[in-house]
Amino acid sequence: MSRTLIFSSQISSVETIKKVAYRFSDVLSLDIIPRSGEIECILQFISGSREEQQAERIVAAFKNEVLDQDLRSIISKETEAIRNAVLAFALSKTGLQGGE
C-alpha cells in the first residue's frame, strides 16, 4: 500500500522531509521527487497488510512531523545568535583559558 503526498518547496525542504522519513523508517519507505515548486513524496508502507485506518494515522503523523521539523528549523535559525552568545559566555567562564 502506498500514498503520495505533495509538499510546497516554498514551505518544506528536502532536508526536512529526509529527517521525517528517517523517523518513520520503521513503518514506511519513502521516495522523494523534487519538482519545480513542489516535493512529491511516495510513502510505501513496509507491511503490505496495513489497515486503511492505520495507514491514514501514519500519513497524518508524517504530515504533522514535517510541520514540526520545519518549525524547529525556523526557530533554530532565529535563535542562533542568542544560542552562540550564551554558549560563548558559558565557555568563557570555564577557567580553561590561561592567564586568568
# chains A, B, ... in the order shown; residues from 1 in each chain; ligands from 1

$ select_by_dssp --residues "chain A" --states "alpha helix (DSSP H)" --output "number ranges by chain"
A: 14-23, 52-78, 80-92

$ residues_around --residues "Glu51 (chain A)" --least-positions-apart "6" --cutoff "12 Å" --atoms "only C-alpha atoms" --output "VMD selection string"
chain A and resid 1 to 2 45 57 to 58

$ residues_around --residues "Ile33 (chain A)" --least-positions-apart "4" --cutoff "10 Å" --atoms "only C-alpha atoms" --output "PDB file with N, CA and C atoms, in the first residue's frame"
ATOM      1  N   ILE A   6       2.198  15.696  -1.567  1.00  0.00           N
ATOM      2  CA  ILE A   6       2.872  16.795  -2.252  1.00  0.00           C
ATOM      3  C   ILE A   6       3.080  17.917  -1.242  1.00  0.00           C
ATOM      4  N   VAL A  14      13.682  19.517   1.230  1.00  0.00           N
ATOM      5  CA  VAL A  14      14.006  18.104   1.072  1.00  0.00           C
ATOM      6  C   VAL A  14      14.709  17.609   2.334  1.00  0.00           C
ATOM      7  N   GLU A  38       7.554  22.121  -5.923  1.00  0.00           N
ATOM      8  CA  GLU A  38       6.959  21.142  -5.017  1.00  0.00           C
ATOM      9  C   GLU A  38       7.885  19.955  -4.815  1.00  0.00           C
ATOM     10  N   ILE A  39       7.568  19.194  -3.778  1.00  0.00           N
ATOM     11  CA  ILE A  39       8.308  17.972  -3.485  1.00  0.00           C
ATOM     12  C   ILE A  39       7.280  16.853  -3.385  1.00  0.00           C
ATOM     13  N   GLU A  40       7.385  15.904  -4.285  1.00  0.00           N
ATOM     14  CA  GLU A  40       6.474  14.762  -4.257  1.00  0.00           C
ATOM     15  C   GLU A  40       7.083  13.663  -3.402  1.00  0.00           C
ATOM     16  N   CYS A  41       6.282  13.120  -2.510  1.00  0.00           N
ATOM     17  CA  CYS A  41       6.728  12.047  -1.626  1.00  0.00           C
ATOM     18  C   CYS A  41       5.813  10.841  -1.812  1.00  0.00           C
ATOM     19  N   ILE A  42       6.403   9.715  -2.133  1.00  0.00           N
ATOM     20  CA  ILE A  42       5.627   8.487  -2.244  1.00  0.00           C
ATOM     21  C   ILE A  42       5.960   7.627  -1.035  1.00  0.00           C
TER      22      ILE A  42
END

$ residues_around --residues "region 73-78 of chain A" --least-positions-apart "5" --cutoff "12 Å" --atoms "only C-alpha atoms" --output "PDB file with N, CA, C and O atoms, in the first residue's frame"
ATOM      1  N   ILE A  11       7.615  25.953   1.375  1.00  0.00           N
ATOM      2  CA  ILE A  11       7.301  25.769   2.792  1.00  0.00           C
ATOM      3  C   ILE A  11       8.209  24.720   3.432  1.00  0.00           C
ATOM      4  O   ILE A  11       8.723  24.923   4.519  1.00  0.00           O
ATOM      5  N   SER A  12       8.401  23.604   2.759  1.00  0.00           N
ATOM      6  CA  SER A  12       9.197  22.498   3.298  1.00  0.00           C
ATOM      7  C   SER A  12      10.424  22.278   2.432  1.00  0.00           C
ATOM      8  O   SER A  12      10.409  22.551   1.239  1.00  0.00           O
ATOM      9  N   SER A  13      11.467  21.737   3.049  1.00  0.00           N
ATOM     10  CA  SER A  13      12.688  21.440   2.303  1.00  0.00           C
ATOM     11  C   SER A  13      12.879  19.929   2.192  1.00  0.00           C
ATOM     12  O   SER A  13      12.322  19.159   2.981  1.00  0.00           O
ATOM     13  N   GLU A  15      15.573  18.429   2.910  1.00  0.00           N
ATOM     14  CA  GLU A  15      16.288  18.055   4.137  1.00  0.00           C
ATOM     15  C   GLU A  15      15.306  17.724   5.261  1.00  0.00           C
ATOM     16  O   GLU A  15      15.457  16.724   5.961  1.00  0.00           O
ATOM     17  N   THR A  16      14.291  18.563   5.431  1.00  0.00           N
ATOM     18  CA  THR A  16      13.285  18.328   6.460  1.00  0.00           C
ATOM     19  C   THR A  16      12.550  17.020   6.203  1.00  0.00           C
ATOM     20  O   THR A  16      12.346  16.223   7.120  1.00  0.00           O
ATOM     21  N   ILE A  17      12.163  16.789   4.970  1.00  0.00           N
ATOM     22  CA  ILE A  17      11.430  15.567   4.636  1.00  0.00           C
ATOM     23  C   ILE A  17      12.305  14.344   4.859  1.00  0.00           C
ATOM     24  O   ILE A  17      11.823  13.302   5.331  1.00  0.00           O
ATOM     25  N   LYS A  19      14.623  14.059   7.184  1.00  0.00           N
ATOM     26  CA  LYS A  19      14.639  13.845   8.636  1.00  0.00           C
ATOM     27  C   LYS A  19      13.390  13.105   9.083  1.00  0.00           C
ATOM     28  O   LYS A  19      13.451  12.181   9.891  1.00  0.00           O
ATOM     29  N   VAL A  66       6.471  16.699   9.566  1.00  0.00           N
ATOM     30  CA  VAL A  66       7.098  17.622   8.604  1.00  0.00           C
ATOM     31  C   VAL A  66       6.906  19.058   9.081  1.00  0.00           C
ATOM     32  O   VAL A  66       7.859  19.850   9.099  1.00  0.00           O
ATOM     33  N   LEU A  67       5.704  19.394   9.507  1.00  0.00           N
ATOM     34  CA  LEU A  67       5.433  20.738  10.035  1.00  0.00           C
ATOM     35  C   LEU A  67       6.296  21.008  11.267  1.00  0.00           C
ATOM     36  O   LEU A  67       6.923  22.069  11.382  1.00  0.00           O
ATOM     37  N   ASP A  68       6.358  20.054  12.184  1.00  0.00           N
ATOM     38  CA  ASP A  68       7.161  20.215  13.395  1.00  0.00           C
ATOM     39  C   ASP A  68       8.635  20.456  13.067  1.00  0.00           C
ATOM     40  O   ASP A  68       9.260  21.366  13.613  1.00  0.00           O
ATOM     41  N   ARG A  83      21.874  31.700  21.008  1.00  0.00           N
ATOM     42  CA  ARG A  83      22.488  30.447  21.472  1.00  0.00           C
ATOM     43  C   ARG A  83      24.006  30.539  21.433  1.00  0.00           C
ATOM     44  O   ARG A  83      24.691  30.105  22.358  1.00  0.00           O
ATOM     45  N   ASN A  84      24.548  31.119  20.367  1.00  0.00           N
ATOM     46  CA  ASN A  84      26.004  31.260  20.265  1.00  0.00           C
ATOM     47  C   ASN A  84      26.546  32.186  21.342  1.00  0.00           C
ATOM     48  O   ASN A  84      27.616  31.929  21.910  1.00  0.00           O
TER      49      ASN A  84
END

$ atom_distance --atom1 "CA of Gly37 (chain A)" --atom2 "CA of Ala55 (chain A)"
26.7 Å

$ atom_distance --atom1 "CA of Leu30 (chain A)" --atom2 "CA of Lys18 (chain A)"
8.7 Å

$ closest_residue --among "A:Val20, A:Ala90, A:Gln53, A:Gln10" --to "Arg35 (chain A)" --atoms "only C-alpha atoms"
A:Gln10

$ select_by_dssp --residues "region 2-81 of chain A" --states "strand (DSSP E or B)" --output "list in words"
Ser2, Arg3, Thr4, Leu5, Ile6, Phe7, Ser8, Leu28, Ser29, Leu30, Asp31, Ile32, Ile33, Pro34, Arg35, Glu38, Ile39, Glu40, Cys41, Ile42, Leu43, Gln44 and Phe45 of chain A

$ write_last_selection --atoms "N, CA and C atoms" --output "PDB file, in the first residue's frame"
ATOM      1  N   SER A   2       0.515   2.227  -0.754  1.00  0.00           N
ATOM      2  CA  SER A   2       1.305   3.454  -0.805  1.00  0.00           C
ATOM      3  C   SER A   2       0.389   4.669  -0.838  1.00  0.00           C
ATOM      4  N   ARG A   3       0.978   5.805  -0.488  1.00  0.00           N
ATOM      5  CA  ARG A   3       0.284   7.097  -0.536  1.00  0.00           C
ATOM      6  C   ARG A   3       1.252   8.106  -1.138  1.00  0.00           C
ATOM      7  N   THR A   4       0.706   9.073  -1.859  1.00  0.00           N
ATOM      8  CA  THR A   4       1.514  10.150  -2.420  1.00  0.00           C
ATOM      9  C   THR A   4       1.130  11.452  -1.736  1.00  0.00           C
ATOM     10  N   LEU A   5       2.149  12.167  -1.260  1.00  0.00           N
ATOM     11  CA  LEU A   5       1.960  13.476  -0.650  1.00  0.00           C
ATOM     12  C   LEU A   5       2.740  14.498  -1.458  1.00  0.00           C
ATOM     13  N   ILE A   6       2.198  15.696  -1.567  1.00  0.00           N
ATOM     14  CA  ILE A   6       2.872  16.795  -2.252  1.00  0.00           C
ATOM     15  C   ILE A   6       3.080  17.917  -1.242  1.00  0.00           C
ATOM     16  N   PHE A   7       4.333  18.359  -1.094  1.00  0.00           N
ATOM     17  CA  PHE A   7       4.661  19.481  -0.227  1.00  0.00           C
ATOM     18  C   PHE A   7       5.173  20.631  -1.089  1.00  0.00           C
ATOM     19  N   SER A   8       4.825  21.846  -0.727  1.00  0.00           N
ATOM     20  CA  SER A   8       5.346  23.017  -1.423  1.00  0.00           C
ATOM     21  C   SER A   8       6.812  23.175  -1.049  1.00  0.00           C
ATOM     22  N   LEU A  28       7.581   2.770   7.093  1.00  0.00           N
ATOM     23  CA  LEU A  28       7.440   3.073   5.672  1.00  0.00           C
ATOM     24  C   LEU A  28       8.779   3.397   5.038  1.00  0.00           C
ATOM     25  N   SER A  29       8.818   3.259   3.733  1.00  0.00           N
ATOM     26  CA  SER A  29       9.952   3.747   2.949  1.00  0.00           C
ATOM     27  C   SER A  29       9.430   4.921   2.126  1.00  0.00           C
ATOM     28  N   LEU A  30      10.336   5.734   1.647  1.00  0.00           N
ATOM     29  CA  LEU A  30       9.910   6.974   1.012  1.00  0.00           C
ATOM     30  C   LEU A  30      10.723   7.256  -0.235  1.00  0.00           C
ATOM     31  N   ASP A  31      10.023   7.617  -1.291  1.00  0.00           N
ATOM     32  CA  ASP A  31      10.661   8.152  -2.494  1.00  0.00           C
ATOM     33  C   ASP A  31      10.413   9.647  -2.486  1.00  0.00           C
ATOM     34  N   ILE A  32      11.479  10.425  -2.614  1.00  0.00           N
ATOM     35  CA  ILE A  32      11.381  11.884  -2.642  1.00  0.00           C
ATOM     36  C   ILE A  32      11.697  12.335  -4.058  1.00  0.00           C
ATOM     37  N   ILE A  33      10.747  13.065  -4.658  1.00  0.00           N
ATOM     38  CA  ILE A  33      10.909  13.519  -6.037  1.00  0.00           C
ATOM     39  C   ILE A  33      10.749  15.040  -6.066  1.00  0.00           C
ATOM     40  N   PRO A  34      11.886  15.774  -6.065  1.00  0.00           N
ATOM     41  CA  PRO A  34      11.790  17.238  -6.148  1.00  0.00           C
ATOM     42  C   PRO A  34      11.331  17.657  -7.540  1.00  0.00           C
ATOM     43  N   ARG A  35      10.407  18.565  -7.574  1.00  0.00           N
ATOM     44  CA  ARG A  35       9.904  19.125  -8.837  1.00  0.00           C
ATOM     45  C   ARG A  35       9.905  20.640  -8.704  1.00  0.00           C
ATOM     46  N   GLU A  38       7.554  22.121  -5.923  1.00  0.00           N
ATOM     47  CA  GLU A  38       6.959  21.142  -5.017  1.00  0.00           C
ATOM     48  C   GLU A  38       7.885  19.955  -4.815  1.00  0.00           C
ATOM     49  N   ILE A  39       7.568  19.194  -3.778  1.00  0.00           N
ATOM     50  CA  ILE A  39       8.308  17.972  -3.485  1.00  0.00           C
ATOM     51  C   ILE A  39       7.280  16.853  -3.385  1.00  0.00           C
ATOM     52  N   GLU A  40       7.385  15.904  -4.285  1.00  0.00           N
ATOM     53  CA  GLU A  40       6.474  14.762  -4.257  1.00  0.00           C
ATOM     54  C   GLU A  40       7.083  13.663  -3.402  1.00  0.00           C
ATOM     55  N   CYS A  41       6.282  13.120  -2.510  1.00  0.00           N
ATOM     56  CA  CYS A  41       6.728  12.047  -1.626  1.00  0.00           C
ATOM     57  C   CYS A  41       5.813  10.841  -1.812  1.00  0.00           C
ATOM     58  N   ILE A  42       6.403   9.715  -2.133  1.00  0.00           N
ATOM     59  CA  ILE A  42       5.627   8.487  -2.244  1.00  0.00           C
ATOM     60  C   ILE A  42       5.960   7.627  -1.035  1.00  0.00           C
ATOM     61  N   LEU A  43       4.981   7.484  -0.159  1.00  0.00           N
ATOM     62  CA  LEU A  43       5.136   6.704   1.058  1.00  0.00           C
ATOM     63  C   LEU A  43       4.716   5.273   0.757  1.00  0.00           C
ATOM     64  N   GLN A  44       5.632   4.344   0.940  1.00  0.00           N
ATOM     65  CA  GLN A  44       5.347   2.926   0.721  1.00  0.00           C
ATOM     66  C   GLN A  44       5.392   2.239   2.083  1.00  0.00           C
ATOM     67  N   PHE A  45       4.255   1.730   2.530  1.00  0.00           N
ATOM     68  CA  PHE A  45       4.194   1.094   3.833  1.00  0.00           C
ATOM     69  C   PHE A  45       4.931  -0.228   3.798  1.00  0.00           C
TER      70      PHE A  45
END

$ atom_distance --atom1 "CA of Ser9 (chain A)" --atom2 "CA of Arg72 (chain A)"
16.6 Å

$ decode --residues "region 39-97 of chain A" --atoms "C-alpha atoms" --output "PDB file, in the first residue's frame"
ATOM      1  CA  ILE A  39       8.308  17.972  -3.485  1.00  0.00           C
ATOM      2  CA  GLU A  40       6.474  14.762  -4.257  1.00  0.00           C
ATOM      3  CA  CYS A  41       6.728  12.047  -1.626  1.00  0.00           C
ATOM      4  CA  ILE A  42       5.627   8.487  -2.244  1.00  0.00           C
ATOM      5  CA  LEU A  43       5.136   6.704   1.058  1.00  0.00           C
ATOM      6  CA  GLN A  44       5.347   2.926   0.721  1.00  0.00           C
ATOM      7  CA  PHE A  45       4.194   1.094   3.833  1.00  0.00           C
ATOM      8  CA  ILE A  46       6.571  -1.678   4.851  1.00  0.00           C
ATOM      9  CA  SER A  47       3.837  -4.106   5.819  1.00  0.00           C
ATOM     10  CA  GLY A  48       1.563  -4.740   2.846  1.00  0.00           C
ATOM     11  CA  SER A  49      -1.288  -5.714   5.150  1.00  0.00           C
ATOM     12  CA  ARG A  50      -1.638  -2.324   6.867  1.00  0.00           C
ATOM     13  CA  GLU A  51      -5.218  -1.457   7.609  1.00  0.00           C
ATOM     14  CA  GLU A  52      -6.532   1.613   5.821  1.00  0.00           C
ATOM     15  CA  GLN A  53      -7.274   3.409   9.088  1.00  0.00           C
ATOM     16  CA  GLN A  54      -3.788   2.743  10.472  1.00  0.00           C
ATOM     17  CA  ALA A  55      -2.229   3.934   7.207  1.00  0.00           C
ATOM     18  CA  GLU A  56      -4.195   7.184   7.432  1.00  0.00           C
ATOM     19  CA  ARG A  57      -2.946   7.731  11.003  1.00  0.00           C
ATOM     20  CA  ILE A  58       0.638   7.236   9.840  1.00  0.00           C
ATOM     21  CA  VAL A  59       0.147   9.675   6.940  1.00  0.00           C
ATOM     22  CA  ALA A  60      -1.346  12.273   9.313  1.00  0.00           C
ATOM     23  CA  ALA A  61       1.533  11.791  11.762  1.00  0.00           C
ATOM     24  CA  PHE A  62       4.023  12.137   8.886  1.00  0.00           C
ATOM     25  CA  LYS A  63       2.483  15.456   7.814  1.00  0.00           C
ATOM     26  CA  ASN A  64       2.497  16.741  11.402  1.00  0.00           C
ATOM     27  CA  GLU A  65       6.133  15.745  11.803  1.00  0.00           C
ATOM     28  CA  VAL A  66       7.098  17.622   8.604  1.00  0.00           C
ATOM     29  CA  LEU A  67       5.433  20.738  10.035  1.00  0.00           C
ATOM     30  CA  ASP A  68       7.161  20.215  13.395  1.00  0.00           C
ATOM     31  CA  GLN A  69      10.601  19.808  11.794  1.00  0.00           C
ATOM     32  CA  ASP A  70      10.056  22.893   9.616  1.00  0.00           C
ATOM     33  CA  LEU A  71       9.178  24.964  12.680  1.00  0.00           C
ATOM     34  CA  ARG A  72      12.189  23.621  14.596  1.00  0.00           C
ATOM     35  CA  SER A  73      14.423  24.677  11.708  1.00  0.00           C
ATOM     36  CA  ILE A  74      12.936  28.190  11.664  1.00  0.00           C
ATOM     37  CA  ILE A  75      13.317  28.576  15.437  1.00  0.00           C
ATOM     38  CA  SER A  76      16.888  27.296  15.274  1.00  0.00           C
ATOM     39  CA  LYS A  77      17.808  29.887  12.643  1.00  0.00           C
ATOM     40  CA  GLU A  78      16.043  32.701  14.514  1.00  0.00           C
ATOM     41  CA  THR A  79      17.749  31.919  17.829  1.00  0.00           C
ATOM     42  CA  GLU A  80      21.212  31.012  16.519  1.00  0.00           C
ATOM     43  CA  ALA A  81      22.855  34.303  17.539  1.00  0.00           C
ATOM     44  CA  ILE A  82      21.454  34.098  21.068  1.00  0.00           C
ATOM     45  CA  ARG A  83      22.488  30.447  21.472  1.00  0.00           C
ATOM     46  CA  ASN A  84      26.004  31.260  20.265  1.00  0.00           C
ATOM     47  CA  ALA A  85      26.272  34.189  22.688  1.00  0.00           C
ATOM     48  CA  VAL A  86      25.107  32.062  25.628  1.00  0.00           C
ATOM     49  CA  LEU A  87      27.494  29.276  24.674  1.00  0.00           C
ATOM     50  CA  ALA A  88      30.413  31.691  24.280  1.00  0.00           C
ATOM     51  CA  PHE A  89      29.659  33.226  27.664  1.00  0.00           C
ATOM     52  CA  ALA A  90      29.378  29.820  29.338  1.00  0.00           C
ATOM     53  CA  LEU A  91      32.657  28.638  27.822  1.00  0.00           C
ATOM     54  CA  SER A  92      34.424  31.857  28.762  1.00  0.00           C
ATOM     55  CA  LYS A  93      33.766  31.107  32.460  1.00  0.00           C
ATOM     56  CA  THR A  94      35.312  27.618  32.450  1.00  0.00           C
ATOM     57  CA  GLY A  95      38.791  28.663  33.509  1.00  0.00           C
ATOM     58  CA  LEU A  96      40.268  26.799  30.584  1.00  0.00           C
ATOM     59  CA  GLN A  97      41.877  29.938  29.225  1.00  0.00           C
TER      60      GLN A  97
END
